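**Student:** Right, I'll just put the structure down here and ask away after.
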Amino acid sequence: MTRWFLFLVALACLSPGHVAAEAIEVSGEDFVVRKFVPELDGTWIGEGISYGPYREGQGPGGEQPTDEQLIEDLELIAEHWNLIRIYGSRGFTERVLRIIRERKLPLKVMLGAWITRELEGEGQGSVNQEALRANREEVSELIRLTNAYPDVVIAASVGNETQVYWSAHKARIELLINYLREVRSATEVPVTTADDFNFWNKPESKAVAAEVDFIVLHVHALWAGNLLKDAMAWTERIYDEICEHHPEKLVVIGEAGWATRVHTEGEQAQLIKGKAGEKEQAIYYQQFKDWTQKEKVCTFFFEAFDEPWKGGPHPNEVEKHWGLFKVDRQPKEAMKSFVK
């Protein structure tokens, strides 16, 4: 069907320091969905995992993982999953794709471009030139790597939680749509964006959904205040609601998980009601796997490894502790029965 939308289109080229905007009507040709098929050699591999490679003392903008460490990670992942999600296109990313190809690992990748806020302040604020350059590099690299590694990359995801109201890197919807169109016009794989259920359930998500081949949904029962006994039922209910809200699109779960530690202070202490721990994570993970296999829902469980660089300085900061493996790559309770 022909698409007609009214957007505030950023015309940053008019001024180096500010964004001017005007209302224009944008029309597009018929949108032909590129079907997302998570398969490897004809076998469904939809039970995926989110992957960040940073170990103790490493992080974005700092010390990077070595090739040997990436090889260790990818070989470990390949023992349990065949589909991984990577959130950004710069830094270590091309080395991951190269290792998968050179070592012929049975892994396919949903590759991301990390998009951050470009405007400082609300409305027509000043443009953050550093953020603008970073976004442009991410999108350009996403296109380049997707085209350079067609044997590895099976989908491209532009932005992560850029539209949900609580995001720290909220981007203007018209810019996200422009990035989506740019990536889609320059690649042949299915293109998407990932966001929280509290965006995908809103009316404004329809405009974004119209620009993607499938929807990537984040649905964290722990952050939503659920106790473990209610977590899986809540996960299934939210998934069904998003499917009903966007009946024309395949819905893939891009994040769902259960942390093994939670700090007793800050927002996490207020919002999280369920008990964090390895035993609890193992229960949720098994329930999640059972549902995934029964319903054949494509998912990326969050996440493969603990990431100490995330969140605040306290060692119990929840963002550090979502991994199914510890930062030293030792399995937590959820994975012990699967490890040889």
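Ligands are numbered from 1 in the order shown, residues from 1 within each chain, and chains are lettered A, B, ... in the order they appear in the structure tokens.
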Determine, counting only C-alpha atoms, which protein, DNA and RNA residues have an atom within 9 Å of an atom of range 61-66 of chain A; residues of the same chain fewer than 5 positions away are not included. Present the result as a VMD selection string.

**Tutor:** chain A and resid 53 to 55 71 91 to 92

**Student:** Which residues in range 119-180 of chain A does DSSP call strand (DSSP E or B)? List them as a VMD selection string.

**Tutor:** chain A and resid 119 to 120 126 to 127 153 to 160

**Student:** Mind writing the picked residues with N, CA, C and O atoms as a short mmCIF file (atom, residue, chain, number, x, y, z; two decimals), in the first residue's frame?

**Tutor:**
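So part-v4.cif came out as:
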```
data_model
loop_
_atom_site.label_atom_id
_atom_site.label_comp_id
_atom_site.auth_asym_id
_atom_site.auth_seq_id
_atom_site.Cartn_x
_atom_site.Cartn_y
_atom_site.Cartn_z
N LEU A 119 20.33 16.27 19.29
CA LEU A 119 19.98 17.62 19.71
C LEU A 119 20.21 17.81 21.20
O LEU A 119 19.91 16.92 22.00
N GLU A 120 20.74 18.96 21.57
CA GLU A 120 20.91 19.33 22.97
C GLU A 120 19.73 20.19 23.37
O GLU A 120 19.49 21.24 22.77
N SER A 126 20.42 23.07 19.90
CA SER A 126 21.68 23.03 19.18
C SER A 126 22.03 21.60 18.81
O SER A 126 21.73 20.65 19.54
N VAL A 127 22.68 21.44 17.68
CA VAL A 127 23.11 20.12 17.25
C VAL A 127 24.40 19.75 17.95
O VAL A 127 25.34 20.54 18.00
N VAL A 153 25.73 -11.49 7.98
CA VAL A 153 24.71 -10.55 8.44
C VAL A 153 23.37 -10.87 7.77
O VAL A 153 23.27 -10.84 6.54
N ILE A 154 22.35 -11.17 8.58
CA ILE A 154 21.04 -11.52 8.01
C ILE A 154 19.99 -10.45 8.26
O ILE A 154 18.88 -10.56 7.74
N ALA A 155 20.32 -9.41 9.04
CA ALA A 155 19.40 -8.31 9.27
C ALA A 155 20.17 -7.12 9.80
O ALA A 155 21.24 -7.27 10.42
N ALA A 156 19.64 -5.92 9.56
CA ALA A 156 20.26 -4.68 10.02
C ALA A 156 19.28 -3.95 10.93
O ALA A 156 18.12 -3.75 10.57
N SER A 157 19.76 -3.56 12.11
CA SER A 157 18.92 -2.87 13.10
C SER A 157 19.46 -1.48 13.35
O SER A 157 20.59 -1.32 13.83
N VAL A 158 18.66 -0.46 13.05
CA VAL A 158 19.08 0.94 13.14
C VAL A 158 18.54 1.54 14.44
O VAL A 158 17.36 1.83 14.56
N GLY A 159 19.41 1.71 15.44
CA GLY A 159 19.00 2.33 16.69
C GLY A 159 18.50 1.33 17.70
O GLY A 159 17.91 0.29 17.37
N ASN A 160 18.72 1.66 18.97
CA ASN A 160 18.31 0.82 20.08
C ASN A 160 17.67 1.69 21.15
O ASN A 160 18.33 2.56 21.73
#
```

**Student:** Have a look at A:Trp291, A:Phe214, A:Phe301, A:Trp81 and name the one nearest to Thr192 in chain A; count only C-alpha atoms.

**Tutor:**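 Result for the nearest residue to Thr192 in chain A: A:Phe214.
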
**Student:** Using only C-alpha atoms, which of the listed residues (A:Asp290, A:Gly274, A:Leu70, A:Leu132) sits closest to Arg103 in chain A?

**Tutor:** A:Leu70

**Student:** Would you pick out the contacts of range 262-266 of chain A at 7 Å or less, using only C-alpha atoms, so that residues sharing its chain but fewer than 2 positions from it are not included, and give the list as a ChimeraX atom specification?

**Tutor:** /A:268-270,276,316-318

**Student:** Store the residues picked out above in a file with N, CA and C atoms, as a short mmCIF file (atom, residue, chain, number, x, y, z; two decimals), in the first residue's frame.

**Tutor:**
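Here's the written file result_23.cif:
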```cif
data_model
loop_
_atom_site.label_atom_id
_atom_site.label_comp_id
_atom_site.auth_asym_id
_atom_site.auth_seq_id
_atom_site.Cartn_x
_atom_site.Cartn_y
_atom_site.Cartn_z
N GLN A 268 16.63 1.32 40.03
CA GLN A 268 16.44 -0.12 39.98
C GLN A 268 15.84 -0.66 41.28
N ALA A 269 16.21 -0.06 42.40
CA ALA A 269 15.67 -0.49 43.69
C ALA A 269 14.18 -0.16 43.80
N GLN A 270 13.75 0.91 43.13
CA GLN A 270 12.35 1.31 43.17
C GLN A 270 11.49 0.51 42.21
N ALA A 276 16.44 -11.01 42.24
CA ALA A 276 17.51 -11.29 41.29
C ALA A 276 18.39 -12.40 41.84
N ASN A 316 27.08 -4.13 42.39
CA ASN A 316 25.79 -4.80 42.24
C ASN A 316 24.87 -4.08 41.26
N GLU A 317 25.34 -3.04 40.60
CA GLU A 317 24.55 -2.34 39.60
C GLU A 317 23.94 -3.35 38.63
N VAL A 318 22.62 -3.30 38.45
CA VAL A 318 21.90 -4.34 37.72
C VAL A 318 22.37 -4.50 36.28
#
```

**Student:** If you count only C-alpha atoms, which residues fall within 7 Å of range 204-213 of chain A, apart from same-chain ones fewer than 5 positions away, as a ChimeraX atom specification?

**Tutor:** /A:33-35,177,180,190-192,199

**Student:** Take the residues that were just selected and, keeping all heavy atoms, output them as a short mmCIF file (atom, residue, chain, number, x, y, z; two decimals), in the first residue's frame.

**Tutor:**
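After the write, part10.cif holds the following:
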```
data_model
loop_
_atom_site.label_atom_id
_atom_site.label_comp_id
_atom_site.auth_asym_id
_atom_site.auth_seq_id
_atom_site.Cartn_x
_atom_site.Cartn_y
_atom_site.Cartn_z
N VAL A 33 7.79 -5.93 1.93
CA VAL A 33 8.49 -6.44 3.11
C VAL A 33 9.54 -7.47 2.71
O VAL A 33 9.28 -8.38 1.92
CB VAL A 33 7.49 -7.07 4.10
CG1 VAL A 33 8.23 -7.79 5.23
CG2 VAL A 33 6.58 -6.00 4.67
N ARG A 34 10.73 -7.29 3.25
CA ARG A 34 11.78 -8.30 3.13
C ARG A 34 11.62 -9.26 4.30
O ARG A 34 11.82 -8.88 5.46
CB ARG A 34 13.16 -7.65 3.16
CG ARG A 34 13.40 -6.64 2.05
CD ARG A 34 14.70 -5.89 2.27
NE ARG A 34 14.88 -4.86 1.26
CZ ARG A 34 15.88 -3.95 1.28
NH1 ARG A 34 16.77 -3.98 2.27
NH2 ARG A 34 15.96 -3.05 0.34
N LYS A 35 11.28 -10.47 4.04
CA LYS A 35 10.97 -11.43 5.09
C LYS A 35 12.22 -11.79 5.89
O LYS A 35 13.25 -12.16 5.32
CB LYS A 35 10.35 -12.68 4.50
CG LYS A 35 9.77 -13.63 5.54
CD LYS A 35 9.05 -14.79 4.86
CE LYS A 35 8.45 -15.73 5.91
NZ LYS A 35 7.76 -16.88 5.27
N ILE A 177 13.61 7.62 11.01
CA ILE A 177 13.01 7.16 9.76
C ILE A 177 13.93 7.43 8.57
O ILE A 177 14.09 6.58 7.68
CB ILE A 177 11.62 7.80 9.56
CG1 ILE A 177 10.64 7.17 10.55
CG2 ILE A 177 11.14 7.65 8.12
CD1 ILE A 177 9.29 7.81 10.59
N LEU A 180 16.57 4.76 8.70
CA LEU A 180 16.00 3.49 8.26
C LEU A 180 15.90 3.43 6.74
O LEU A 180 16.26 2.42 6.11
CB LEU A 180 14.62 3.28 8.88
CG LEU A 180 14.59 2.93 10.37
CD1 LEU A 180 13.18 3.08 10.93
CD2 LEU A 180 15.10 1.52 10.61
N PRO A 190 16.68 -7.62 5.48
CA PRO A 190 15.59 -6.99 6.24
C PRO A 190 16.16 -5.94 7.20
O PRO A 190 17.21 -6.15 7.81
CB PRO A 190 14.97 -8.16 7.00
CG PRO A 190 15.35 -9.37 6.23
CD PRO A 190 16.70 -9.09 5.65
N VAL A 191 15.44 -4.83 7.35
CA VAL A 191 15.90 -3.71 8.18
C VAL A 191 14.86 -3.44 9.27
O VAL A 191 13.65 -3.50 9.03
CB VAL A 191 16.12 -2.45 7.32
CG1 VAL A 191 16.48 -1.25 8.19
CG2 VAL A 191 17.22 -2.71 6.29
N THR A 192 15.35 -3.11 10.47
CA THR A 192 14.46 -2.90 11.60
C THR A 192 15.03 -1.86 12.54
O THR A 192 16.12 -1.31 12.31
CB THR A 192 14.23 -4.23 12.35
OG1 THR A 192 13.25 -4.03 13.39
CG2 THR A 192 15.53 -4.73 12.98
N PHE A 199 7.17 1.83 23.73
CA PHE A 199 7.06 2.60 22.48
C PHE A 199 6.19 1.88 21.48
O PHE A 199 5.29 2.46 20.88
CB PHE A 199 8.43 2.87 21.87
CG PHE A 199 8.33 3.40 20.46
CD1 PHE A 199 7.82 4.67 20.21
CD2 PHE A 199 8.72 2.60 19.37
CE1 PHE A 199 7.70 5.15 18.90
CE2 PHE A 199 8.60 3.08 18.07
CZ PHE A 199 8.09 4.35 17.84
#
```

**Student:** What's the 7 Å shell around range 250-257 of chain A, counting only C-alpha atoms, without same-chain residues fewer than 3 positions away, as a list of chain:residue names?

**Tutor:**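 Surrounding residues, per the criterion: A:Ala194, A:Phe214, A:Ile215, A:Val216, A:Leu217, A:His218, A:Val219, A:His220, A:Cys243, A:Val297, A:Cys298, A:Thr299, A:Phe300, A:Phe301, A:Phe302, A:Trp322.
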
**Student:** Counting only C-alpha atoms, which residue out of A:Gly311, A:Leu107, A:Asp195, A:Thr260 sits closest to Tyr165 in chain A?

**Tutor:**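 Of all the options, A:Asp195 lies closest to Tyr165 in chain A.
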
**Student:** From the options A:Ala304, A:Leu228, A:Val183, A:Val139, which residue's atoms come nearest to Gly48 in chain A, counting only C-alpha atoms?

**Tutor:**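 Closest candidate: A:Ala304.
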
**Student:** Using only C-alpha atoms, which protein or nucleic acid residues come within 8 Å of Leu105 in chain A? Drop anything in the same chain fewer than 2 positions from it, and give the result as a VMD selection string.

**Tutor:** chain A and resid 74 to 75 78 99 to 103 107
